[in-house]
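Participant: First, the structure itself, so that you have it in front of you.
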Amino acid sequence: MTPPLRLPLLAALSLAALTLPTLPAQAAAGTDPWVRGWGENAQGQLGNGSVVGQQTPAAVTGIARDDVRKVSGGGGGAAAAANPFAVALLKDGTVKSWGANTTGQLGNGTTTNQGFPGTVTGLTGVSALSAGLNHVLAVKGGRVLAWGSNASKQLGTGQDTTNPYKAPIPVQSLDKVKDVGAGCDFSVALRQDGTVWTWGKGDNGRLGTGNNTTRETPQKVPDVENVEAISVGCEYVLALTADNTVKAWGKGGEGQLGNDGTADSNKAVDVAYLDAVASVFATNATAFAILDDGSVAAWGKNTDRQLGDGTNANRTTPVVLDQLKGVQDIAGGLNYTLAALDDGSVVGWGANDVGQLGDGSTTGTTGTATTTALPPGSQITHVTTTMTGKSGFAY
């Protein structure tokens with residue numbers, strides 16, 4: 001009689017592991033400690049060592065939520081020229097970066113893409129951070145450092161504009177800065193005295209200085225005072241003032257200035273019909289405000305229902321989104337929006353062709369519906385996206 005076939009123990013265990021059902025990403029969300037990413041990943045921007053897209057949240061390798069102060073996504077879509085990447089400011093004041101690196105935006109001294117998070121060498125004591133389309137800004141000791149592309153003078157160094165800067169370099173002239181925002185080829189700084197300063201590409205009036213001139217030296221935005229917070233979109237800026245009103249400037253073609261028009265403005269304008277604002281969020285071309293009563297208002301681009309008002313029509317003034325409650329943070333890339341809610345969940349709405357809503361599908365939303373990327377209890381408090389791309393992060 002032929003004896004029964006016996007597999008070696010290790011082989012048997014390996015075979016068993018292969019046949020076990022894989023838990024969906026959402027199932028482990030409340031128990032794992034990692035920053036999570038999903039959506040496009042062609043340049044390694046999800047930080048998991050692969051270039052395979054993810055339709056549900058996957059861990060960013062080695063970046064624990066408890067260690068992170070802020071994650072900021074930069075760059076655009078799947079094409080190599082779009083330069084999608086991300087940076088993370090840790091609570092110890094150091095910075096990690098990963099993804100595309102064509103313009104040196106990872107700050108690691110090279111222009112080589114990096115699929116895993118790596119430390120920006122020699123950078124410590126950072127208190128604020130922002131990734132733009134192809135550059136990064138950081139605040140250290142009240143001064144601004146920058147790296148990446150300087151083709152539009154967005155690094156504010158006064159130096160050669162043709163070469164990428166692969167390591168942090170000081171921005172000239174500014175001190176006592178408390179926050180920064182990097183946009184599409186331009187930069188914004190909020191000083192401790194409540195003034196706002198801009199530099200880089202001036203197209204569409206995005207510098208807010210009264211003209212469309214590109215500048216390599218920071219200039220003060222006139223008639224904008226007592227600003228408490230800034231949020232920078234691709235080509236426009238929102239500024240929340242101490243009296244809880246909102247100023248805006250830059251591109252207005254999709255209504256993102258909220259002033260009942262679609263004209264660009266190189267001077268600050270008031271967002272109409274909006275007061276008692278607690279916080280503002282400038283996504284790619286759609287803007288959001290959380291009001292003092294906890295409700296959310298939105299305006300701007302809405303071609304893929306990324307505004308969330310039940311239509312696909314752009315809005316030139318704010319509209320309240322009655323279905324959204326308990327919102328803590330909002331971010332948005334190319335035609336989609338993500339929100340972190342106070343129950344620890346992450347929801348999204350808008351386009352979803354590559355799984356950028358993180359719900360395991362590639363179906364966009366309709367009406368005022370939202371999808372769920374991470375369920376309640378996931379301990380998430382913040383979201384971010386690549387600036388003009390389709391990759392999302394939660395932490």
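Labels used: A, B, ... for chains in the order of the structure tokens, numbers from 1 for residues in each chain, and numbers from 1 for ligands as shown.
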Among range 166-322 of chain A, which ones does DSSP assign to strand (DSSP E) (computed from the backbone)? Answer as number ranges by chain.

Facilitator: A: 166-170, 177-182, 186-191, 196-200, 215-220, 227-232, 236-241, 246-250, 265-270, 277-282, 286-291, 296-300, 315-320

Participant: Pick out the closest residue to Val319 in chain A from this set: A:Leu257, A:Val95, A:Ala298, A:Ala276. Count only C-alpha atoms.

Facilitator: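 Between A:Leu257, A:Val95, A:Ala298, A:Ala276, the residue approaching Val319 in chain A most closely is A:Ala298.
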
Participant: At a cut-off of 7 Å, using only C-alpha atoms, what residues contact range 99-114 of chain A? Leave out same-chain residues fewer than 4 positions from it and give the result as a PyMOL selection string.

Facilitator: chain A and resi 43-45+47+83-86+120-121+134-136+147-149+164-168

Participant: Go through A:Gly141, A:Gly300, A:Gly194, A:Gly392 and flag the residue nearest Pro170 in chain A, using only C-alpha atoms for the distances.

Facilitator: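 Result for the nearest residue to Pro170 in chain A: A:Gly141.
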
Participant: Give me the residues near Ala340 in chain A as a list in words, where near means some atom within 6 Å (using only C-alpha atoms) and where sequence neighbours in that chain fewer than 5 positions away do not count.

Facilitator: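 Once the adjacent positions are removed, what remains is Val327, Gln328, Asp329, Ser345, Val346, Thr381 and His382 of chain A.
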
Participant: Could those selected residues go to a file with N, CA and C atoms, as an mmCIF file, in the first residue's frame?

Facilitator:
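What ended up in selection-v5.cif:
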data_model
loop_
_atom_site.group_PDB
_atom_site.id
_atom_site.type_symbol
_atom_site.label_atom_id
_atom_site.label_comp_id
_atom_site.auth_asym_id
_atom_site.auth_seq_id
_atom_site.Cartn_x
_atom_site.Cartn_y
_atom_site.Cartn_z
ATOM 1 N N VAL A 327 -17.665 66.745 10.785
ATOM 2 C CA VAL A 327 -16.458 66.784 9.962
ATOM 3 C C VAL A 327 -15.312 67.426 10.742
ATOM 4 N N GLN A 328 -14.167 66.749 10.738
ATOM 5 C CA GLN A 328 -12.964 67.277 11.378
ATOM 6 C C GLN A 328 -11.958 67.833 10.381
ATOM 7 N N ASP A 329 -11.853 67.187 9.213
ATOM 8 C CA ASP A 329 -10.838 67.569 8.238
ATOM 9 C C ASP A 329 -11.351 67.229 6.849
ATOM 10 N N SER A 345 -14.059 57.807 11.291
ATOM 11 C CA SER A 345 -14.221 57.256 9.949
ATOM 12 C C SER A 345 -13.728 58.231 8.886
ATOM 13 N N VAL A 346 -13.587 57.713 7.662
ATOM 14 C CA VAL A 346 -13.248 58.529 6.502
ATOM 15 C C VAL A 346 -14.285 58.273 5.428
ATOM 16 N N THR A 381 -8.112 61.106 12.289
ATOM 17 C CA THR A 381 -8.494 62.495 12.558
ATOM 18 C C THR A 381 -8.202 63.427 11.383
ATOM 19 N N HIS A 382 -7.384 62.969 10.418
ATOM 20 C CA HIS A 382 -6.982 63.850 9.316
ATOM 21 C C HIS A 382 -6.937 63.094 7.998
#

Participant: When you count only C-alpha atoms, which of these residues is closest to Thr286 in chain A: A:Ala331, A:Ala128, A:Val87, A:Leu155?

Facilitator: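 Smallest separation from Thr286 in chain A among the options: A:Ala331.
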
Participant: Applying 8 Å and only C-alpha atoms, which residues near Pro33 in chain A remain after dropping the ones on its own chain fewer than 6 positions away? List them as a ChimeraX atom specification.

Facilitator: /A:64-66

Participant: Could you save the residues just selected, with N, CA and C atoms, as a PDB file, in the first residue's frame?

Facilitator:
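Output saved as part20.pdb:
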ATOM      1  N   ALA A  64       3.739  55.633  11.612  1.00  0.00           N
ATOM      2  CA  ALA A  64       2.669  55.412  12.580  1.00  0.00           C
ATOM      3  C   ALA A  64       1.893  56.703  12.823  1.00  0.00           C
ATOM      4  N   ARG A  65       0.571  56.586  12.918  1.00  0.00           N
ATOM      5  CA  ARG A  65      -0.265  57.776  13.132  1.00  0.00           C
ATOM      6  C   ARG A  65       0.141  58.553  14.374  1.00  0.00           C
ATOM      7  N   ASP A  66       0.477  57.843  15.433  1.00  0.00           N
ATOM      8  CA  ASP A  66       0.795  58.514  16.693  1.00  0.00           C
ATOM      9  C   ASP A  66       2.071  59.339  16.602  1.00  0.00           C
TER      10      ASP A  66
END

Participant: Find the residues around range 226-229 of chain A up to 7 Å (only C-alpha atoms counted), leave out those fewer than 3 positions away in its own chain, and share them as a list in words.

Facilitator: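 Answer for this query is Gly194, Thr195, Ala239, Leu240, Thr241 and Ala242 of chain A.
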
Participant: Keeping N, CA and C atoms, export the residues of the selection given above as a PDB file, in the first residue's frame.

Facilitator:
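result17.pdb written:
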ATOM      1  N   GLY A 194      -0.249  87.914  11.694  1.00  0.00           N
ATOM      2  CA  GLY A 194      -1.503  87.830  10.957  1.00  0.00           C
ATOM      3  C   GLY A 194      -1.444  88.320   9.534  1.00  0.00           C
ATOM      4  N   THR A 195      -0.249  88.650   9.030  1.00  0.00           N
ATOM      5  CA  THR A 195      -0.112  89.040   7.628  1.00  0.00           C
ATOM      6  C   THR A 195       0.219  87.809   6.780  1.00  0.00           C
ATOM      7  N   ALA A 239      -8.085  82.597   3.154  1.00  0.00           N
ATOM      8  CA  ALA A 239      -7.529  83.104   4.407  1.00  0.00           C
ATOM      9  C   ALA A 239      -8.667  83.345   5.389  1.00  0.00           C
ATOM     10  N   LEU A 240      -8.588  82.696   6.547  1.00  0.00           N
ATOM     11  CA  LEU A 240      -9.593  82.855   7.605  1.00  0.00           C
ATOM     12  C   LEU A 240      -9.102  83.908   8.583  1.00  0.00           C
ATOM     13  N   THR A 241      -9.912  84.963   8.778  1.00  0.00           N
ATOM     14  CA  THR A 241      -9.496  86.069   9.621  1.00  0.00           C
ATOM     15  C   THR A 241      -9.970  85.887  11.069  1.00  0.00           C
ATOM     16  N   ALA A 242      -9.477  86.740  11.931  1.00  0.00           N
ATOM     17  CA  ALA A 242      -9.791  86.638  13.359  1.00  0.00           C
ATOM     18  C   ALA A 242     -11.269  86.865  13.643  1.00  0.00           C
TER      19      ALA A 242
END

Participant: Give the answer as one residue: which of A:Gly333, A:Arg206, A:Leu341, A:Asp264 has the shortest atom-to-atom distance to Val296 in chain A, using only C-alpha atoms?

Facilitator: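 Closest residue, counting only C-alpha atoms: A:Leu341.
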
Participant: So that I can see what lies close to Gly208 in chain A, please list as a VMD selection string the residues with an atom at most 6 Å from it, counting only C-alpha atoms and leaving out residues fewer than 2 positions away in the same chain.

Facilitator: chain A and resid 205 to 206 210 221 249 266 to 267

Participant: Given only C-alpha atoms as the basis, pick out the residue of A:Gly73, A:Gly142, A:Gly93, A:Gly294 nearest to Leu123 in chain A.

Facilitator: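 Distance minimum relative to Leu123 in chain A lands on A:Gly93.
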
Participant: Take CA of Lys70 in chain A and CA of Ala88 in chain A and report the distance between them in Å, one decimal.

Facilitator: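 Spanning CA of Lys70 in chain A to CA of Ala88 in chain A is a straight-line distance of 5.7 Å.
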